[in-house]
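Peer 1: Okay, here's the structure, questions in a sec.
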Amino acid sequence: MSMFSRTDTSFLGRWWWTVDRGLLAAFILLIVFGIVLVSTASPPVAETLGLDSYHFLKRHLVMLLPAVGLLVGISMLSPRAIWRMASILFIASIAAMIFVLFHGVEIKGAQRWIHIFGFSLQPSELAKPSFAIVAAWFMSRQKENAKFPGNLIAAGLCFTTVGLLMLQPDLGMTIVITSIWASQIFLAGFRFRILAIFAAAGAMCLGGAYLFFEHVRYRVDRFFKPESGDNYQVDRSLEAFQNGGIGGIGPGQGTVKSTLPDAHADFIFSVAGEEMGLWFVLIIIAVFGFIVWRGLNRPTTSDNIFSVLAVGGLLTMFGLQALVHMGSAMNILPAKGMTLPFISYGGSSILSLGFSMGAVLALTRRQVRGSVARAGLSSKTRVLEAGNQS
Amino acid sequence: MIFLKQARRHAIKLIGEKSSSLDLARGRLVLMGACFIFAYMFLAARAVDLMVIQGKPAALADNGVVQEETAGATGITRADITDRNGELLATTIKTASLYADPHLISDPQKAAERLAQIFPDLEYGETLRRFQKGGRFVHLKYSLTPQEQHEVLKLGEPGLAFKYEDRRVYPQGPLTSHFVGYAGTENQGLAGIEKSFNELLAQGKPVALTLDVRLQHALRREMEKAVDDFRAVGGAGIIMNVNTGEVLAGVSLPDFDPNAAIDETSKKMFNRVSLGTYELGSVFKIFSTAAFLETHNVGMNASFDAREPIKRGRFTINDYHAEDRVLTIPEVFMYSSNIGAAMMGQAVGTDRLKDFYEDIGLTEKMSFEIPEVGKPQVPHPWREINTLTASYGHGIATTPLQMTAAVSSIVNGGYLVAPHLVLNKKAEENAQDESLRVVSPQTVHRMRQLMRLVVTEGTGGQADVPGYRVGGKTGTAEQQSGRGYDQSQLLSSFVGVFPVEKPEYAVFIVIDGPKPTKKSYGYATGGWVGAPAVARVIASMAAVLGIKPEKTSEQADLSASLKQYVTVKGHD
């Protein structure tokens with residue numbers, strides 16, 4: 001903490017004293033947990049696939065460098081720079097998503113990936129945070145200028161993205177994007193009546209997905225009627241938690257990782273439960289809870305509606321992903337393969353998280369104000385200031 | 001100014017709207033945060049539910065694998081039972097039982113398929129179903145052979161594991177089944193030595209028996225042949241060391257394989273040697289004759305009128321090999337005259353005969369090292385008629401084993417021996433010093449002579465083994481069926497001793513329910529059924545024990561001096 005003096009007005013000094021250091025520490029903690037868990041969970045998976053034991057661990061570490069770089073680097077940017085980056089990224093990811101429809105690599109029945117530099121990238125991973133920021137910007141523009149059709153544009157972007165995702169098809173990502181947008185229209189102050197209509201529409205879409213996508217129906221049926229078929233992954237996962245107990249069976253001692261094909265990614269929480277036990281599981285849950293709570297409360301001191309919407313959208317994405325991952329592993333939600341943010345192995349998802357949580361850190365930085373107290377500003381100055389900040 | 005005012009009002013309105021929407025957004029942010037916190041708390045509660053309430057007990061969770069079970073609770077392996085030469089009769093081996101931990105099985109289909117190839121009785125579909133049912137323990141197979149275990153290990157399937165258990169094995173199979181007995185699945189003795197020496201064995205102390213598997217084989221083989229040849233129900237056979245009472249071999253047919261599943265209700269389980277009691281018939285003439293010679297100082301030419309059957313109330317005593325004349329003692333014995341024997345018994349007297357039977361251990365339950373010991377059925381009250389019938393072995397039922405021991409006690413020189421099964425070399429050395437004398441040396445000599453005469457001239461001719469001087473006595477008893485005796489249900493026996501001048505061994509074989517055959521010219525008597533079997537056993541024993549044959553002239557034969565009292569009838 002004594003890295004920078006309070007009065008340090010250098011760029012880094014200002015960053016250090018304005019950034020949410022608690023949030024930053026929580027992200028770093030998750031990354032450390034992630035390294036530990038990927039290093040224990042991934043070797044059996046890699047060996048099953050006939051790869052070098054440390055294949056996934058090495059790639060995870062390689063991907064963490066740019067991800068941490070993004071996390072810290074983005075957190076230093078101004079809101080304007082962030083939305084500019086986000087718009088470029090969003091356009092690029094939409095283009096890439098159209099590209100994967102025609103030239104993507106099919107993995108496990110879905111065309112989601114493109115290969116770059118030996119890594120498979122999932123454009124939709126980058127679409128998520130950039131959508132959250134771009135949509136927040138358009139919606140906040142309408143707050144500034146009621147005539148600007150920002151809400152409509154945001155809705156249009158949402159449906160475009162969702163449409164492209166459904167073509168892959170990627171239901172999980174669809175739900176995340178929709179939830180981001182839903183959280184933003186909620187924060188933007190839509191009346192509950194309108195929200196209820198949206199919620200009903202969303203529920204109908206989910207019902208439609210249940211009816212039209214066989215794998216969705218399968219997963220949901222298994223969740224509500226476990227005896228209806230093979231629940232292999234979830235059963236293994238539940239046994240892992242039961243074996244773990246309070247103290248866990250010890251790091252590296254677990255067995256669930258050798259029976260689950262996605263132990264290093266979609267079921268890493270189960271590995272944590274088996275090997276580290278309840279206390280560790282509770283710590284992980286607590287860290288996620290801390291991040292979401294702290295992140296969502298911090299903008300309450302902000303008077304920038306863009307920041308509020310963007311942070312709300314990004315943390316919804318982050319918190320929801322964690323919720324679905326942990327909920328699936330403990331069978332309180334239908335099994336949906338989602339990575340546990342910062343902990344699971346996952347190349348493009350780690351980069352995407354670095355970017356999005358960097359943006360959260362940036363947008364929750366305490367605003368640098370002049371020496372003038374807020375109450376003493378003339379109305380004109382405040383109008384101007386508000387305009388500048390948008 | 002107006003423009004400025006308007007602009008200012010507009011600005012205030014804008015600020016107001018903006019700040020109110022910001023307040024709203026902040027409020028809703030907190031609400032969202034609260035929803036997330038609530039959801040995470042639910043996750044945490046679920047984690048506690050899964051990991052503590054439904055959690056596995058510590059022992060299981062210890063390393064996620066079912067712990068290998070160690071031998072017994074005590075950790076001591078049940079000790080061996082051996083024969084007198086150290087051949088294993090019962091031993092304990094560690095066998096691997098195969099089980100699966102379905103949770104560790106990487107590919108249930110493949111595993112089930114491969115298992116079906118190794119164990120044809122593990123059906124693919126059933127095994128797969130059990131693997132997929134979940135749980136942590138699926139028992140697959142007990143007691144694998146090392147070869148099978150090797151095959152399973154070669155599959156390299158981490159979900160298949162072995163439990164090592166002590167298993168009682170009887171390398172000789174059915175050979176000694178009625179004496180060694182058997183142990184249950186928990187390795188506790190349930191019959192035979194396994195039961196009576198359960199505690200010692202469980203403490204790891206081995207037990208050596210007096211049995212000799214080589215003699216056991218010979219006895220069992222020849223008895224099986226007799227049972228087969230005469231389509232009999234079963235039989236009992238004993239080889240005894242007449243000087244010590246050691247049971248060198250004991251066979252009860254039919255027998256059972258203690259390695260296989262045990263059906264306790266099966267007739268095969270019945271020990272005819274020490275548990276079954278039978279009216280053994282004419283072999284008892286050894287005892288009545290010995291009692292007579294012991295109590296009457298007469299020459300061997302003393303005679304008995306066997307022309308008329310003895311009638312006592314509703315009983316009539318007839319001779320099977322009727323001679324219809326006055327018979328000398330040797331004749332009574334060699335032709336097995338019931339009338340003569342009854343008259344000898346009568347001469348001895350009820351009290352003295354009863355006492356004599358008691359002295360040589362025929363009336364009380366014998367002491368023997370296994371739990372399967374039968375109590376003789378002795379007439380009660382013992383009237384004169386009982387004395388008459390007991391003289392030729394009817395109306396008194398004993399176990400074949402105690403009968404053999406009683407014969408041994410007479411031919412060994414007159415020292416009482418008790419049958420026993422557990423080897424105790426020290427006790428054998430001074431056995432005779434401590435023994436009680438039951439008959440005088442003179443009676444011993446006469447009985448040896450008489451028994452030799454049975455083989456050289458009498459009913460036991462087929463028991464002769466050239467060079468080994470077998471003496472003996474035939475027995476053919478009708479078995480009680482309902483209230484009377486059934487002439488077609490015989491107990492045909494022969495007790496042989498050799499070498500007759502100073503017997504070392506007694507061999508007794510009794511065959512239950514032999515049917516006459518063409519080969520035996522329609523006979524199923526002790527002389528035709530028991531005697532040849534005993535002869536074959538003795539021939540085998542001589543080879544196994546390395547007893548050299550001795551050529552003796554007819555004049556030097558023990559029975560030679562008795563021939564003067566015998567009128568040999570012409571051949572049948």
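Lettering and numbering for the structure tokens are positional, with chains as A, B, ... in the shown order, residues counted from 1 in each chain, and ligands counted from 1 in the shown order.
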Please, which residues of stretch 101-332 of chain A, numbered as in this document, come out alpha helix (DSSP H) from DSSP, as a PyMOL selection string?

Peer 2: chain A and resi 101-103+123-144+150-167+171-187+192-212+214-224+232-244+256-259+268-276+278-297+305-329

Peer 1: Near chain B, which residues of chain A fall within 6 Å when you count only C-alpha atoms, and what do they look like as a list of chain:residue names?

Peer 2: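 Residues of chain A within 6 Å of chain B, counting only C-alpha atoms: A:Leu187, A:Phe241, A:Gln242, A:Asn243, A:Gly245, A:Ile249, A:Thr259, A:Gly289, A:Trp293, A:Leu296, A:Thr300.
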
Peer 1: As an exercise, work out the distance from atom CA of A:Ile332 to atom CA of A:Phe223 in Å and give it to one decimal place.

Peer 2: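 Straight-line distance from atom CA of A:Ile332 to atom CA of A:Phe223 works out to 8.3 Å.
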
Peer 1: Against stretch 243-266 of chain B, which residues of stretch 158-199 of chain B fall within 6 Å? For each one I want the closest pair of atoms and the distance in Å (one decimal), counting only C-alpha atoms, rows by chain and increasing residue number, as a tab-separated table.

Peer 2:
```
residue	atom	partner	partner_atom	distance
B:Gly173	CA	B:Asp257	CA	5.2
B:Pro174	CA	B:Asp257	CA	4.2
B:Tyr182	CA	B:Pro258	CA	5.7
```

Peer 1: Just the selected residues (N, CA and C atoms), exported as a PDB file, in the first residue's frame, please.

Peer 2:
```pdb
ATOM      1  N   GLY B 173      -9.456 -82.039  -0.978  1.00  0.00           N
ATOM      2  CA  GLY B 173     -10.853 -82.155  -1.378  1.00  0.00           C
ATOM      3  C   GLY B 173     -11.643 -82.998  -0.402  1.00  0.00           C
ATOM      4  N   PRO B 174     -12.418 -83.946  -0.925  1.00  0.00           N
ATOM      5  CA  PRO B 174     -13.302 -84.725  -0.046  1.00  0.00           C
ATOM      6  C   PRO B 174     -12.558 -85.769   0.792  1.00  0.00           C
ATOM      7  N   TYR B 182     -15.004 -78.540   8.164  1.00  0.00           N
ATOM      8  CA  TYR B 182     -14.924 -77.372   7.291  1.00  0.00           C
ATOM      9  C   TYR B 182     -15.185 -76.123   8.114  1.00  0.00           C
TER      10      TYR B 182
END
```

Peer 1: So which bits of stretch 129-303 of chain B end up strand (DSSP E or B) when you DSSP the backbone, as a VMD selection string?

Peer 2: chain B and resid 138 to 144 160 to 169 182 to 183 189 to 191 207 to 209 234 to 241 246 to 253 278 303

Peer 1: Tell me which protein, DNA and RNA residues are within 7 Å of B:Thr459, counting only C-alpha atoms, leaving out same-chain ones fewer than 2 positions away, and put them as a PDB file with all heavy atoms, in the first residue's frame.

Peer 2:
```pdb
ATOM      1  N   MET B 334     -14.990-119.376  13.086  1.00  0.00           N
ATOM      2  CA  MET B 334     -14.685-119.295  11.652  1.00  0.00           C
ATOM      3  C   MET B 334     -15.915-119.401  10.784  1.00  0.00           C
ATOM      4  O   MET B 334     -15.973-118.845   9.705  1.00  0.00           O
ATOM      5  CB  MET B 334     -13.653-120.342  11.256  1.00  0.00           C
ATOM      6  CG  MET B 334     -14.113-121.760  11.436  1.00  0.00           C
ATOM      7  SD  MET B 334     -12.826-122.938  10.986  1.00  0.00           S
ATOM      8  CE  MET B 334     -13.144-123.128   9.252  1.00  0.00           C
ATOM      9  N   TYR B 335     -16.928-120.146  11.273  1.00  0.00           N
ATOM     10  CA  TYR B 335     -18.162-120.238  10.491  1.00  0.00           C
ATOM     11  C   TYR B 335     -19.165-119.193  10.938  1.00  0.00           C
ATOM     12  O   TYR B 335     -20.274-119.140  10.437  1.00  0.00           O
ATOM     13  CB  TYR B 335     -18.760-121.643  10.578  1.00  0.00           C
ATOM     14  CG  TYR B 335     -17.876-122.709   9.985  1.00  0.00           C
ATOM     15  CD1 TYR B 335     -17.554-123.863  10.690  1.00  0.00           C
ATOM     16  CD2 TYR B 335     -17.351-122.548   8.691  1.00  0.00           C
ATOM     17  CE1 TYR B 335     -16.744-124.836  10.140  1.00  0.00           C
ATOM     18  CE2 TYR B 335     -16.527-123.519   8.141  1.00  0.00           C
ATOM     19  CZ  TYR B 335     -16.215-124.660   8.866  1.00  0.00           C
ATOM     20  OH  TYR B 335     -15.411-125.611   8.320  1.00  0.00           O
ATOM     21  N   VAL B 454     -10.123-117.489  10.619  1.00  0.00           N
ATOM     22  CA  VAL B 454     -11.229-116.985   9.794  1.00  0.00           C
ATOM     23  C   VAL B 454     -10.757-116.750   8.368  1.00  0.00           C
ATOM     24  O   VAL B 454     -11.459-117.042   7.399  1.00  0.00           O
ATOM     25  CB  VAL B 454     -11.809-115.681  10.400  1.00  0.00           C
ATOM     26  CG1 VAL B 454     -12.744-114.988   9.418  1.00  0.00           C
ATOM     27  CG2 VAL B 454     -12.524-115.967  11.703  1.00  0.00           C
ATOM     28  N   VAL B 455      -9.515-116.271   8.258  1.00  0.00           N
ATOM     29  CA  VAL B 455      -9.002-115.947   6.924  1.00  0.00           C
ATOM     30  C   VAL B 455      -8.477-117.188   6.214  1.00  0.00           C
ATOM     31  O   VAL B 455      -8.692-117.383   5.026  1.00  0.00           O
ATOM     32  CB  VAL B 455      -7.912-114.852   7.024  1.00  0.00           C
ATOM     33  CG1 VAL B 455      -7.289-114.572   5.665  1.00  0.00           C
ATOM     34  CG2 VAL B 455      -8.501-113.580   7.623  1.00  0.00           C
ATOM     35  N   GLY B 461     -11.932-115.685   3.980  1.00  0.00           N
ATOM     36  CA  GLY B 461     -10.861-116.129   3.101  1.00  0.00           C
ATOM     37  C   GLY B 461     -10.392-115.066   2.120  1.00  0.00           C
ATOM     38  O   GLY B 461      -9.206-114.987   1.781  1.00  0.00           O
ATOM     39  N   THR B 474     -15.461-111.546   9.846  1.00  0.00           N
ATOM     40  CA  THR B 474     -16.505-110.999   8.985  1.00  0.00           C
ATOM     41  C   THR B 474     -17.694-110.584   9.844  1.00  0.00           C
ATOM     42  O   THR B 474     -17.877-111.046  10.966  1.00  0.00           O
ATOM     43  CB  THR B 474     -16.998-112.048   7.979  1.00  0.00           C
ATOM     44  OG1 THR B 474     -17.425-113.189   8.722  1.00  0.00           O
ATOM     45  CG2 THR B 474     -15.907-112.461   7.013  1.00  0.00           C
ATOM     46  N   GLY B 527     -17.971-111.465   4.148  1.00  0.00           N
ATOM     47  CA  GLY B 527     -16.871-112.202   3.540  1.00  0.00           C
ATOM     48  C   GLY B 527     -16.686-111.861   2.078  1.00  0.00           C
ATOM     49  O   GLY B 527     -15.574-111.938   1.547  1.00  0.00           O
TER      50      GLY B 527
END
```

Peer 1: What's the 12 Å shell around B:Lys110, counting only C-alpha atoms, without same-chain residues fewer than 6 positions away, as an mmCIF file with N, CA, C and O atoms, in the first residue's frame?

Peer 2:
```
data_model
loop_
_atom_site.group_PDB
_atom_site.id
_atom_site.type_symbol
_atom_site.label_atom_id
_atom_site.label_comp_id
_atom_site.auth_asym_id
_atom_site.auth_seq_id
_atom_site.Cartn_x
_atom_site.Cartn_y
_atom_site.Cartn_z
ATOM 1 N N ALA B 116 -16.401 -59.499 -19.217
ATOM 2 C CA ALA B 116 -17.176 -60.628 -19.722
ATOM 3 C C ALA B 116 -16.276 -61.608 -20.470
ATOM 4 O O ALA B 116 -16.527 -62.810 -20.498
ATOM 5 N N GLN B 117 -15.206 -61.061 -21.072
ATOM 6 C CA GLN B 117 -14.280 -61.963 -21.782
ATOM 7 C C GLN B 117 -13.467 -62.802 -20.795
ATOM 8 O O GLN B 117 -13.173 -63.959 -21.049
ATOM 9 N N TYR B 124 -22.253 -59.107 -19.788
ATOM 10 C CA TYR B 124 -21.961 -57.724 -20.162
ATOM 11 C C TYR B 124 -23.057 -56.766 -19.710
ATOM 12 O O TYR B 124 -22.801 -55.779 -19.039
ATOM 13 N N GLY B 125 -24.283 -57.078 -20.076
ATOM 14 C CA GLY B 125 -25.400 -56.167 -19.803
ATOM 15 C C GLY B 125 -25.593 -55.936 -18.317
ATOM 16 O O GLY B 125 -25.728 -54.799 -17.859
ATOM 17 N N THR B 127 -23.404 -56.429 -15.873
ATOM 18 C CA THR B 127 -22.261 -55.724 -15.289
ATOM 19 C C THR B 127 -22.349 -54.233 -15.591
ATOM 20 O O THR B 127 -22.149 -53.399 -14.711
ATOM 21 N N LEU B 128 -22.677 -53.913 -16.830
ATOM 22 C CA LEU B 128 -22.756 -52.508 -17.223
ATOM 23 C C LEU B 128 -23.839 -51.794 -16.420
ATOM 24 O O LEU B 128 -23.659 -50.677 -15.942
ATOM 25 N N PHE B 131 -22.549 -51.057 -13.084
ATOM 26 C CA PHE B 131 -21.573 -49.964 -13.113
ATOM 27 C C PHE B 131 -22.286 -48.625 -13.186
ATOM 28 O O PHE B 131 -21.875 -47.652 -12.570
ATOM 29 N N LEU B 155 -6.052 -55.212 -17.737
ATOM 30 C CA LEU B 155 -7.015 -54.277 -18.320
ATOM 31 C C LEU B 155 -6.635 -52.835 -18.012
ATOM 32 O O LEU B 155 -7.020 -51.921 -18.724
ATOM 33 N N GLY B 156 -5.916 -52.644 -16.905
ATOM 34 C CA GLY B 156 -5.482 -51.296 -16.558
ATOM 35 C C GLY B 156 -6.628 -50.369 -16.213
ATOM 36 O O GLY B 156 -6.532 -49.161 -16.378
ATOM 37 N N GLU B 157 -7.723 -50.946 -15.768
ATOM 38 C CA GLU B 157 -8.898 -50.122 -15.453
ATOM 39 C C GLU B 157 -8.820 -49.678 -13.991
ATOM 40 O O GLU B 157 -8.841 -50.521 -13.094
ATOM 41 N N GLY B 159 -10.894 -48.382 -12.057
ATOM 42 C CA GLY B 159 -12.092 -48.602 -11.240
ATOM 43 C C GLY B 159 -12.246 -50.025 -10.761
ATOM 44 O O GLY B 159 -13.139 -50.327 -9.989
#
```

Peer 1: As a PyMOL selection string, please: the residues near B:Gly496 (cut-off 8 Å, only C-alpha atoms, same-chain neighbours under 4 positions excluded).

Peer 2: chain B and resi 463+470-473+506-508+531+534

Peer 1: So the first atom is atom CA of B:Gln203 and the second is atom CA of B:Ile76; what is the distance between them in Å, to one decimal place?

Peer 2: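 Result for atom CA of B:Gln203 versus atom CA of B:Ile76: 6.6 Å, one decimal.
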
Peer 1: Can you work out which one of B:Glu126, B:Glu384, B:Asp319, B:Glu358 has the shortest atom-to-atom distance to B:Ala112, counting only C-alpha atoms?

Peer 2: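 Nearest candidate to B:Ala112 out of B:Glu126, B:Glu384, B:Asp319, B:Glu358: B:Glu126.
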
Peer 1: For the atom pair atom CA of A:Ala46 and atom CA of A:Met63, what is the interatomic distance in Å to one decimal place?

Peer 2: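 So the two atoms, atom CA of A:Ala46 and atom CA of A:Met63, lie 17.0 Å apart.
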
Peer 1: List the spatial neighbours of A:Val62 as a VMD selection string - criterion: any atom at most 12 Å away, only C-alpha atoms, same-chain residues fewer than 2 positions off excluded.

Peer 2: chain A and resid 35 55 to 60 64 to 69 119 345 to 348 350 to 351
